[in-house]
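Coordinates as given in model.pdb (PDB, C-alpha atoms):
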ATOM      1  CA  ARG A   1      12.261   6.515  -4.311
ATOM      2  CA  ILE A   2      10.472   3.394  -5.532
ATOM      3  CA  PRO A   3      11.797   3.726  -9.153
ATOM      4  CA  ALA A   4      15.341   3.399  -7.748
ATOM      5  CA  TYR A   5      14.530  -0.173  -6.730
ATOM      6  CA  LEU A   6      11.640  -1.380  -8.899
ATOM      7  CA  THR A   7      10.880  -1.025 -12.599
ATOM      8  CA  ALA A   8       7.528   0.142 -13.940
ATOM      9  CA  GLU A   9       6.731  -3.479 -14.786
ATOM     10  CA  ALA A  10       6.976  -4.353 -11.077
ATOM     11  CA  CYS A  11       5.360  -1.264  -9.563
ATOM     12  CA  ARG A  12       3.376   1.489 -11.200
ATOM     13  CA  VAL A  13       1.343   4.327  -9.663
ATOM     14  CA  VAL A  14      -1.742   5.398 -11.607
ATOM     15  CA  THR A  15      -3.604   8.504 -10.455
ATOM     16  CA  GLY A  16      -7.069   9.680 -11.370
ATOM     17  CA  GLY A  17     -10.710   9.777 -10.378
ATOM     18  CA  VAL A  18     -13.709   7.526 -10.835
ATOM     19  CA  GLU A  19     -13.113   6.954 -14.559
ATOM     20  CA  VAL A  20      -9.582   5.693 -13.937
ATOM     21  CA  SER A  21     -10.800   3.449 -11.123
ATOM     22  CA  GLN A  22     -13.498   1.988 -13.356
ATOM     23  CA  ALA A  23     -10.955   1.285 -16.083
ATOM     24  CA  LEU A  24      -8.656  -0.455 -13.619
ATOM     25  CA  LEU A  25     -11.500  -2.564 -12.245
ATOM     26  CA  ALA A  26     -12.507  -3.607 -15.768
ATOM     27  CA  THR A  27      -9.045  -5.139 -16.188
ATOM     28  CA  GLN A  28      -8.310  -8.680 -15.051
ATOM     29  CA  TRP A  29      -5.791  -8.847 -12.183
ATOM     30  CA  ASP A  30      -4.249 -11.671 -10.196
ATOM     31  CA  PHE A  31      -5.246 -10.003  -6.936
ATOM     32  CA  ILE A  32      -6.846  -6.740  -5.733
ATOM     33  CA  TYR A  33      -6.118  -5.074  -2.396
ATOM     34  CA  PHE A  34      -8.472  -2.186  -1.675
ATOM     35  CA  THR A  35      -8.639   0.323   1.162
ATOM     36  CA  GLY A  36     -11.696   2.550   1.386
ATOM     37  CA  SER A  37     -15.345   2.720   2.368
ATOM     38  CA  PRO A  38     -17.750  -0.245   2.536
ATOM     39  CA  ARG A  39     -19.784   1.379  -0.247
ATOM     40  CA  VAL A  40     -16.863   1.438  -2.685
ATOM     41  CA  GLY A  41     -15.655  -1.913  -1.350
ATOM     42  CA  ARG A  42     -18.864  -3.512  -2.632
ATOM     43  CA  ILE A  43     -18.213  -1.987  -6.075
ATOM     44  CA  VAL A  44     -14.679  -3.378  -6.089
ATOM     45  CA  ALA A  45     -15.825  -6.826  -4.956
ATOM     46  CA  LYS A  46     -18.532  -6.945  -7.629
ATOM     47  CA  ALA A  47     -16.087  -5.937 -10.378
ATOM     48  CA  ALA A  48     -13.496  -8.477  -9.165
ATOM     49  CA  ALA A  49     -16.132 -11.213  -9.180
ATOM     50  CA  GLU A  50     -16.596 -10.746 -12.935
ATOM     51  CA  HIS A  51     -13.063 -12.110 -13.387
ATOM     52  CA  LEU A  52     -13.110 -14.379 -10.292
ATOM     53  CA  THR A  53     -10.262 -12.227  -8.968
ATOM     54  CA  PRO A  54      -9.463 -12.714  -5.262
ATOM     55  CA  THR A  55      -9.510  -9.601  -3.090
ATOM     56  CA  ALA A  56      -8.496  -8.222   0.281
ATOM     57  CA  LEU A  57     -10.747  -5.363   1.402
ATOM     58  CA  GLU A  58      -9.852  -3.021   4.278
ATOM     59  CA  LEU A  59     -13.034  -1.017   4.748
ATOM     60  CA  GLY A  60     -12.910   0.758   8.089
ATOM     61  CA  GLY A  61     -16.166   1.259   9.968
ATOM     62  CA  LYS A  62     -17.282   2.781  13.256
ATOM     63  CA  ALA A  63     -14.624   1.842  15.810
ATOM     64  CA  PRO A  64     -15.931   2.265  19.372
ATOM     65  CA  ALA A  65     -13.796   3.285  22.342
ATOM     66  CA  VAL A  66     -15.572   1.688  25.302
ATOM     67  CA  VAL A  67     -14.808   3.154  28.727
ATOM     68  CA  LEU A  68     -16.010   0.821  31.474
ATOM     69  CA  SER A  69     -16.620   1.797  35.090
ATOM     70  CA  SER A  70     -13.224   0.492  36.260
ATOM     71  CA  ALA A  71     -11.200   2.491  33.709
ATOM     72  CA  ASP A  72      -8.647   5.134  34.607
ATOM     73  CA  VAL A  73     -10.594   8.027  33.097
ATOM     74  CA  GLY A  74      -7.658  10.433  32.808
ATOM     75  CA  GLU A  75      -5.455   7.940  31.053
ATOM     76  CA  ALA A  76      -8.282   6.756  28.797
ATOM     77  CA  ALA A  77      -9.007  10.365  27.771
ATOM     78  CA  ARG A  78      -5.351  11.051  26.950
ATOM     79  CA  ARG A  79      -5.061   7.984  24.755
ATOM     80  CA  ILE A  80      -8.400   8.510  23.007
ATOM     81  CA  VAL A  81      -7.642  12.160  22.158
ATOM     82  CA  ASN A  82      -4.150  11.253  20.996
ATOM     83  CA  ALA A  83      -5.578   8.631  18.610
ATOM     84  CA  LYS A  84      -8.412  10.855  17.375
ATOM     85  CA  ALA A  85      -6.077  13.785  16.756
ATOM     86  CA  LEU A  86      -3.780  11.646  14.589
ATOM     87  CA  ASN A  87      -4.282  13.178  11.133
ATOM     88  CA  VAL A  88      -7.380  14.802  12.738
ATOM     89  CA  GLY A  89      -9.302  11.560  12.661
ATOM     90  CA  GLN A  90      -8.639  10.822   8.997
ATOM     91  CA  THR A  91      -7.477   7.253   9.616
ATOM     92  CA  CYS A  92      -9.471   4.057   9.274
ATOM     93  CA  ILE A  93      -8.708   2.961  12.845
ATOM     94  CA  ALA A  94      -9.403   6.247  14.633
ATOM     95  CA  PRO A  95     -11.845   5.906  17.536
ATOM     96  CA  ASP A  96     -15.123   6.818  15.845
ATOM     97  CA  TYR A  97     -17.221   7.280  18.973
ATOM     98  CA  VAL A  98     -16.875   6.876  22.737
ATOM     99  CA  LEU A  99     -19.207   4.615  24.699
ATOM    100  CA  VAL A 100     -18.869   5.341  28.410
ATOM    101  CA  ASP A 101     -20.421   3.942  31.593
ATOM    102  CA  ARG A 102     -22.823   6.587  32.895
ATOM    103  CA  SER A 103     -20.986   6.689  36.236
ATOM    104  CA  GLN A 104     -17.857   7.932  34.406
ATOM    105  CA  HIS A 105     -19.565  10.195  31.868
ATOM    106  CA  THR A 106     -19.089  13.613  33.491
ATOM    107  CA  ALA A 107     -15.494  12.888  34.480
ATOM    108  CA  LEU A 108     -14.616  11.571  31.015
ATOM    109  CA  VAL A 109     -16.054  14.548  29.124
ATOM    110  CA  ALA A 110     -14.076  16.887  31.388
ATOM    111  CA  ALA A 111     -10.925  14.819  30.921
ATOM    112  CA  LEU A 112     -11.307  14.688  27.119
ATOM    113  CA  THR A 113     -11.701  18.474  26.996
ATOM    114  CA  ALA A 114      -8.687  18.968  29.263
ATOM    115  CA  GLU A 115      -6.559  16.686  27.078
ATOM    116  CA  MET A 116      -7.471  18.583  23.910
ATOM    117  CA  ARG A 117      -6.280  21.777  25.614
ATOM    118  CA  ALA A 118      -3.120  20.102  26.983
ATOM    119  CA  MET A 119      -2.150  18.774  23.548
ATOM    120  CA  PHE A 120      -2.980  21.761  21.355
ATOM    121  CA  GLY A 121      -3.215  24.782  23.654
ATOM    122  CA  ASP A 122      -6.005  27.249  24.314
ATOM    123  CA  GLU A 123      -6.233  28.034  20.593
ATOM    124  CA  PRO A 124      -5.751  24.740  18.697
ATOM    125  CA  HIS A 125      -6.199  26.603  15.400
ATOM    126  CA  ALA A 126      -2.723  28.084  15.913
ATOM    127  CA  SER A 127      -1.070  24.802  16.877
ATOM    128  CA  PRO A 128       1.431  23.418  14.344
ATOM    129  CA  ASP A 129       0.584  19.918  15.582
ATOM    130  CA  LEU A 130      -3.082  19.843  14.582
ATOM    131  CA  GLY A 131      -3.782  18.886  10.991
ATOM    132  CA  ARG A 132      -6.423  19.964   8.487
ATOM    133  CA  MET A 133      -9.066  18.253   6.377
ATOM    134  CA  CYS A 134      -7.555  16.639   3.308
ATOM    135  CA  THR A 135      -9.948  18.350   0.862
ATOM    136  CA  VAL A 136     -12.600  21.050   0.845
ATOM    137  CA  GLY A 137     -15.123  18.373  -0.023
ATOM    138  CA  HIS A 138     -14.249  16.445   3.103
ATOM    139  CA  PHE A 139     -14.453  19.636   5.157
ATOM    140  CA  ASP A 140     -17.968  20.183   3.805
ATOM    141  CA  ARG A 141     -18.919  16.654   4.806
ATOM    142  CA  MET A 142     -17.689  17.275   8.376
ATOM    143  CA  ALA A 143     -19.576  20.569   8.526
ATOM    144  CA  LYS A 144     -22.780  18.836   7.420
ATOM    145  CA  LEU A 145     -22.363  16.066   9.992
ATOM    146  CA  LEU A 146     -21.750  18.651  12.693
ATOM    147  CA  ALA A 147     -24.800  20.696  11.707
ATOM    148  CA  GLU A 148     -27.032  17.602  11.848
ATOM    149  CA  SER A 149     -25.392  15.967  14.850
ATOM    150  CA  GLY A 150     -27.696  16.908  17.714
ATOM    151  CA  GLY A 151     -26.313  16.638  21.243
ATOM    152  CA  THR A 152     -24.071  19.184  22.959
ATOM    153  CA  GLN A 153     -20.940  20.327  21.144
ATOM    154  CA  ARG A 154     -17.769  20.952  23.149
ATOM    155  CA  ARG A 155     -14.475  22.213  21.756
ATOM    156  CA  VAL A 156     -11.390  24.140  22.832
ATOM    157  CA  GLY A 157     -10.571  27.561  21.405
ATOM    158  CA  SER A 158     -12.495  30.416  19.847
ATOM    159  CA  ALA A 159     -11.756  29.722  16.166
ATOM    160  CA  PRO A 160     -14.754  28.365  14.254
ATOM    161  CA  PRO A 161     -14.474  25.879  11.373
ATOM    162  CA  ASP A 162     -12.674  27.520   8.451
ATOM    163  CA  ARG A 163     -13.537  26.209   4.987
ATOM    164  CA  GLU A 164     -10.805  28.114   3.153
ATOM    165  CA  GLY A 165      -8.126  26.800   5.517
ATOM    166  CA  LYS A 166      -9.859  23.400   5.796
ATOM    167  CA  TYR A 167      -9.710  23.726   9.580
ATOM    168  CA  MET A 168     -12.212  21.637  11.501
ATOM    169  CA  PRO A 169     -11.647  21.752  15.277
ATOM    170  CA  LEU A 170     -11.588  18.659  17.437
ATOM    171  CA  THR A 171     -15.166  18.565  18.684
ATOM    172  CA  LEU A 172     -16.909  16.425  21.275
ATOM    173  CA  ILE A 173     -20.588  15.808  20.598
ATOM    174  CA  ASP A 174     -22.015  14.844  23.955
ATOM    175  CA  SER A 175     -25.087  12.585  23.979
ATOM    176  CA  PRO A 176     -26.212  12.796  20.335
ATOM    177  CA  PRO A 177     -29.622  11.213  19.652
ATOM    178  CA  SER A 178     -29.652   7.600  18.476
ATOM    179  CA  GLY A 179     -30.715   8.667  14.983
ATOM    180  CA  SER A 180     -27.837  11.137  14.547
ATOM    181  CA  PRO A 181     -25.879  10.715  11.292
ATOM    182  CA  LEU A 182     -22.761  10.700  13.488
ATOM    183  CA  LEU A 183     -23.849   7.267  14.697
ATOM    184  CA  ARG A 184     -24.809   5.921  11.260
ATOM    185  CA  GLU A 185     -21.749   6.444   9.079
ATOM    186  CA  GLU A 186     -17.992   6.364   9.570
ATOM    187  CA  ILE A 187     -16.923   9.882  10.563
ATOM    188  CA  PHE A 188     -13.295   9.900   9.358
ATOM    189  CA  GLY A 189     -12.625  13.279  10.911
ATOM    190  CA  PRO A 190     -12.172  15.217  14.182
ATOM    191  CA  LEU A 191     -15.754  14.817  15.471
ATOM    192  CA  LEU A 192     -16.109  12.527  18.490
ATOM    193  CA  PRO A 193     -19.576  11.528  19.733
ATOM    194  CA  VAL A 194     -19.840  10.493  23.404
ATOM    195  CA  VAL A 195     -22.640   8.042  24.232
ATOM    196  CA  THR A 196     -23.510   6.631  27.666
ATOM    197  CA  PHE A 197     -24.675   3.199  28.773
ATOM    198  CA  ASP A 198     -26.105   1.854  32.023
ATOM    199  CA  SER A 199     -25.202  -1.832  31.780
ATOM    200  CA  PHE A 200     -22.676  -4.080  30.088
ATOM    201  CA  ASP A 201     -25.406  -5.698  28.001
ATOM    202  CA  GLU A 202     -26.577  -2.271  26.840
ATOM    203  CA  ALA A 203     -23.037  -1.415  25.748
ATOM    204  CA  VAL A 204     -22.829  -4.602  23.679
ATOM    205  CA  GLU A 205     -26.220  -4.002  22.064
ATOM    206  CA  THR A 206     -25.333  -0.374  21.290
ATOM    207  CA  ILE A 207     -22.163  -1.421  19.476
ATOM    208  CA  ARG A 208     -24.006  -4.107  17.537
ATOM    209  CA  GLY A 209     -26.704  -1.607  16.584
ATOM    210  CA  ILE A 210     -24.235   1.002  15.301
ATOM    211  CA  ASP A 211     -21.749  -1.311  13.553
ATOM    212  CA  SER A 212     -21.633  -4.991  14.493
ATOM    213  CA  THR A 213     -18.266  -5.710  12.831
ATOM    214  CA  PRO A 214     -15.995  -2.634  13.108
ATOM    215  CA  LEU A 215     -12.402  -2.662  11.942
ATOM    216  CA  ALA A 216     -11.238  -1.852  15.479
ATOM    217  CA  LEU A 217     -12.570  -2.194  19.012
ATOM    218  CA  TYR A 218     -10.989  -0.289  21.912
ATOM    219  CA  VAL A 219     -11.730  -1.227  25.519
ATOM    220  CA  PHE A 220     -10.626   0.767  28.557
ATOM    221  CA  THR A 221     -10.895  -1.094  31.845
ATOM    222  CA  ALA A 222      -8.943  -2.404  34.840
ATOM    223  CA  ASP A 223     -11.098  -5.537  34.838
ATOM    224  CA  THR A 224      -9.514  -8.255  32.697
ATOM    225  CA  ALA A 225     -12.620 -10.436  32.823
ATOM    226  CA  ALA A 226     -14.791  -7.573  31.579
ATOM    227  CA  ALA A 227     -12.388  -6.901  28.702
ATOM    228  CA  GLU A 228     -12.366 -10.577  27.726
ATOM    229  CA  SER A 229     -16.160 -10.678  27.849
ATOM    230  CA  LEU A 230     -16.475  -7.683  25.524
ATOM    231  CA  LEU A 231     -13.919  -9.170  23.115
ATOM    232  CA  GLN A 232     -15.933 -12.376  23.012
ATOM    233  CA  ARG A 233     -19.297 -10.705  22.480
ATOM    234  CA  VAL A 234     -18.312  -8.045  19.942
ATOM    235  CA  GLN A 235     -16.730  -9.123  16.668
ATOM    236  CA  SER A 236     -14.119  -6.817  15.160
ATOM    237  CA  GLY A 237     -11.195  -6.972  12.766
ATOM    238  CA  THR A 238      -8.725  -5.852  15.444
ATOM    239  CA  ALA A 239      -8.888  -4.890  19.117
ATOM    240  CA  VAL A 240      -6.806  -3.087  21.729
ATOM    241  CA  VAL A 241      -7.309  -3.061  25.491
ATOM    242  CA  ASN A 242      -6.445   0.235  27.242
ATOM    243  CA  ASP A 243      -5.233   2.116  24.183
ATOM    244  CA  CYS A 244      -6.062   2.931  20.561
ATOM    245  CA  VAL A 245      -4.372   2.413  17.144
ATOM    246  CA  LEU A 246      -1.358   0.550  18.570
ATOM    247  CA  GLN A 247      -2.382  -2.644  16.764
ATOM    248  CA  HIS A 248      -1.461  -0.937  13.490
ATOM    249  CA  MET A 249       2.115  -0.390  14.688
ATOM    250  CA  CYS A 250       2.751  -4.006  15.658
ATOM    251  CA  HIS A 251       3.736  -5.797  12.451
ATOM    252  CA  SER A 252       3.666  -9.221  14.050
ATOM    253  CA  LEU A 253      -0.134  -8.850  14.296
ATOM    254  CA  PRO A 254      -2.410  -9.390  11.283
ATOM    255  CA  PHE A 255      -4.311  -6.243  10.319
ATOM    256  CA  GLY A 256      -7.645  -6.447   8.554
ATOM    257  CA  GLY A 257     -11.398  -6.367   8.861
ATOM    258  CA  VAL A 258     -14.281  -8.763   9.252
ATOM    259  CA  GLY A 259     -17.834  -8.582   7.919
ATOM    260  CA  THR A 260     -18.653  -5.055   6.783
ATOM    261  CA  SER A 261     -15.136  -3.860   7.693
ATOM    262  CA  GLY A 262     -13.630  -6.143   5.054
ATOM    263  CA  HIS A 263     -11.640  -9.343   4.749
ATOM    264  CA  GLY A 264      -8.019 -10.354   4.290
ATOM    265  CA  VAL A 265      -5.021  -9.226   6.342
ATOM    266  CA  CYS A 266      -1.678  -7.485   5.914
ATOM    267  CA  HIS A 267       1.440  -6.350   7.847
ATOM    268  CA  GLY A 268       4.749  -8.132   8.205
ATOM    269  CA  GLU A 269       4.701 -11.793   7.216
ATOM    270  CA  TRP A 270       0.911 -11.623   6.888
ATOM    271  CA  SER A 271       1.304  -9.391   3.816
ATOM    272  CA  PHE A 272       3.488 -11.988   2.116
ATOM    273  CA  GLN A 273       0.870 -14.638   2.875
ATOM    274  CA  THR A 274      -1.919 -12.456   1.479
ATOM    275  CA  PHE A 275      -0.127 -11.671  -1.782
ATOM    276  CA  THR A 276       1.230 -15.190  -2.310
ATOM    277  CA  PHE A 277      -0.616 -18.035  -4.001
ATOM    278  CA  PRO A 278       0.396 -21.366  -2.377
ATOM    279  CA  ARG A 279       0.620 -23.644  -5.433
ATOM    280  CA  SER A 280       1.161 -27.346  -4.754
ATOM    281  CA  VAL A 281       3.914 -28.957  -6.890
ATOM    282  CA  LEU A 282       4.960 -32.623  -6.727
ATOM    283  CA  TRP A 283       7.957 -34.014  -8.639
ATOM    284  CA  ARG A 284       8.397 -37.725  -9.371
ATOM    285  CA  HIS A 285      11.364 -39.505 -10.931
ATOM    286  CA  ALA A 286      10.827 -39.919 -14.660
ATOM    287  CA  LYS A 287      12.065 -43.552 -14.846
ATOM    288  CA  PHE A 288      12.694 -45.100 -11.441
ATOM    289  CA  ASP A 289       9.507 -46.688 -10.145
ATOM    290  CA  VAL A 290       8.584 -48.269  -6.872
ATOM    291  CA  ASP A 291       5.877 -50.906  -6.882
ATOM    292  CA  GLN A 292       4.358 -49.608  -3.671
ATOM    293  CA  THR A 293       3.483 -46.267  -5.296
ATOM    294  CA  VAL A 294       1.067 -47.967  -7.694
ATOM    295  CA  PRO A 295      -2.476 -48.471  -6.322
ATOM    296  CA  VAL A 296      -3.222 -52.038  -5.242
ATOM    297  CA  PRO A 297      -6.008 -52.683  -7.805
ATOM    298  CA  ALA A 298      -3.668 -51.690 -10.637
ATOM    299  CA  ARG A 299      -0.823 -53.925  -9.383
ATOM    300  CA  HIS A 300      -3.045 -56.987  -9.294
ATOM    301  CA  ALA A 301      -5.272 -56.363 -12.280
ATOM    302  CA  ALA A 302      -5.918 -59.446 -14.388
ATOM    303  CA  ALA A 303      -4.174 -59.555 -17.781
ATOM    304  CA  PRO A 304      -6.513 -59.098 -20.721
ATOM    305  CA  GLY A 305      -7.683 -62.443 -22.199
TER     306      GLY A 305
END

Could the structure of this file be written out as structure tokens, please?
Amino acid sequence: RIPAYLTAEACRVVTGGVEVSQALLATQWDFIYFTGSPRVGRIVAKAAAEHLTPTALELGGKAPAVVLSSADVGEAARRIVNAKALNVGQTCIAPDYVLVDRSQHTALVAALTAEMRAMFGDEPHASPDLGRMCTVGHFDRMAKLLAESGGTQRRVGSAPPDREGKYMPLTLIDSPPSGSPLLREEIFGPLLPVVTFDSFDEAVETIRGIDSTPLALYVFTADTAAAESLLQRVQSGTAVVNDCVLQHMCHSLPFGGVGTSGHGVCHGEWSFQTFTFPRSVLWRHAKFDVDQTVPVPARHAAAPG
């Protein structure tokens, strides 16, 4: 419906692949807003620098959902699964992996599995509420990650991944090894690694080792001081305590990344600020003058001899 309100000079949609993107980036723009991976974000930033074009980059990353010892495990599981199942994990702020206190590990894995069954039934493949991979290529990427994941895989239902139907089941990968590709790159799909920690410091170091500046940080705890401590010690573009993805729905909050997850913000008034250049303009009367506006040295300069 955009053409009903804006002309092609104001808003135009251009579709295409890499060649079209390269042509667009070769053109000089007033401003570029890009959403995508850090890898492509670097390409965009480099191309924009050729024209000194300012940018806002929303690049995603590996958003951790940290479940501390004081968390309500059942409620945390419900909210994590709900967020991960949204578009089957194909959102930039989906919880990418779960980091759980070892004392809560067994209970959380059981609760996550129970929530997947409660939301999508005994056979999620047949549920009208569970989405599919956006492309076959993305399905293949998920299948490769799953094959190389390590750890113990847990899912609900008997249906295996289906390439033709682009169905990839919600899958927990319990305790993958530290070198697993699931812990190296943004997943952007329905695979959810679960990693344990034994101390608060270990949790912080694990997050920093996987992705030190994620787009989102989710903390589940009943201890306000612990939540504040984690927010202070882990840098992220956005953060939510005791839920996931809600920051994206609150338009009074700025939304954007930091470090490898990008820069610049949007949403609500913040979008207007991002896309507006604040030019300073000063008007002075063309004839009326006031002596005090002239610098002192000029007012008292000696007349030429």

(message) Here is a test: counting only C-alpha atoms, which residue of A:Ala110, A:Ile80, A:Cys134, A:Leu172 is nearest to Leu246 in chain A?
(response)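 Ranked by minimum distance to Leu246 in chain A, first place goes to A:Ile80.
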
(request) Taking the file as shown, find all residues satisfying the PyMOL selection byres ((chain A and resi 113) around 10) and write them as a VMD selection string. (result) chain A and resid 77 to 78 81 108 to 112 114 to 118 154 to 156 170 to 172

Matched chain/residue IDs from the PyMOL selection byres ((chain A and resi 91) around 12), as an mmCIF file with C-alpha atoms, keeping the file's coordinate frame:
data_model
loop_
_atom_site.group_PDB
_atom_site.id
_atom_site.type_symbol
_atom_site.label_atom_id
_atom_site.label_comp_id
_atom_site.auth_asym_id
_atom_site.auth_seq_id
_atom_site.Cartn_x
_atom_site.Cartn_y
_atom_site.Cartn_z
ATOM 1 C CA THR A 35 -8.639 0.323 1.162
ATOM 2 C CA GLY A 36 -11.696 2.550 1.386
ATOM 3 C CA SER A 37 -15.345 2.720 2.368
ATOM 4 C CA GLU A 58 -9.852 -3.021 4.278
ATOM 5 C CA LEU A 59 -13.034 -1.017 4.748
ATOM 6 C CA GLY A 60 -12.910 0.758 8.089
ATOM 7 C CA GLY A 61 -16.166 1.259 9.968
ATOM 8 C CA LYS A 62 -17.282 2.781 13.256
ATOM 9 C CA ALA A 63 -14.624 1.842 15.810
ATOM 10 C CA ALA A 83 -5.578 8.631 18.610
ATOM 11 C CA LYS A 84 -8.412 10.855 17.375
ATOM 12 C CA ALA A 85 -6.077 13.785 16.756
ATOM 13 C CA LEU A 86 -3.780 11.646 14.589
ATOM 14 C CA ASN A 87 -4.282 13.178 11.133
ATOM 15 C CA VAL A 88 -7.380 14.802 12.738
ATOM 16 C CA GLY A 89 -9.302 11.560 12.661
ATOM 17 C CA GLN A 90 -8.639 10.822 8.997
ATOM 18 C CA CYS A 92 -9.471 4.057 9.274
ATOM 19 C CA ILE A 93 -8.708 2.961 12.845
ATOM 20 C CA ALA A 94 -9.403 6.247 14.633
ATOM 21 C CA PRO A 95 -11.845 5.906 17.536
ATOM 22 C CA ASP A 96 -15.123 6.818 15.845
ATOM 23 C CA MET A 133 -9.066 18.253 6.377
ATOM 24 C CA CYS A 134 -7.555 16.639 3.308
ATOM 25 C CA GLU A 186 -17.992 6.364 9.570
ATOM 26 C CA ILE A 187 -16.923 9.882 10.563
ATOM 27 C CA PHE A 188 -13.295 9.900 9.358
ATOM 28 C CA GLY A 189 -12.625 13.279 10.911
ATOM 29 C CA PRO A 190 -12.172 15.217 14.182
ATOM 30 C CA LEU A 215 -12.402 -2.662 11.942
ATOM 31 C CA ALA A 216 -11.238 -1.852 15.479
ATOM 32 C CA CYS A 244 -6.062 2.931 20.561
ATOM 33 C CA VAL A 245 -4.372 2.413 17.144
ATOM 34 C CA HIS A 248 -1.461 -0.937 13.490
#

(message) Could you list, as a PyMOL selection string, every residue matched by the PyMOL selection byres ((chain A and resi 249-258) around 9) in this structure?
(response) chain A and resi 56-60+213-216+235-238+245-248+259-271

(message) Using Å and a single decimal, report how far CA of Ala71 in chain A sits from CA of Thr106 in chain A.
(response)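 Going from CA of Thr106 in chain A over to CA of Ala71 in chain A, I get 13.6 Å.
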
(request) Can you work out the spacing between CA of Val98 in chain A and CA of Leu192 in chain A in Å, to one decimal? (result) 7.1 Å

(request) Have a look at A:Leu182, A:Arg132, A:Phe220, A:Glu148 and name the one nearest to Asp162 in chain A; count all atoms listed in the file. (result)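 Ranking A:Leu182, A:Arg132, A:Phe220, A:Glu148 by distance to Asp162 in chain A, first place goes to A:Arg132.
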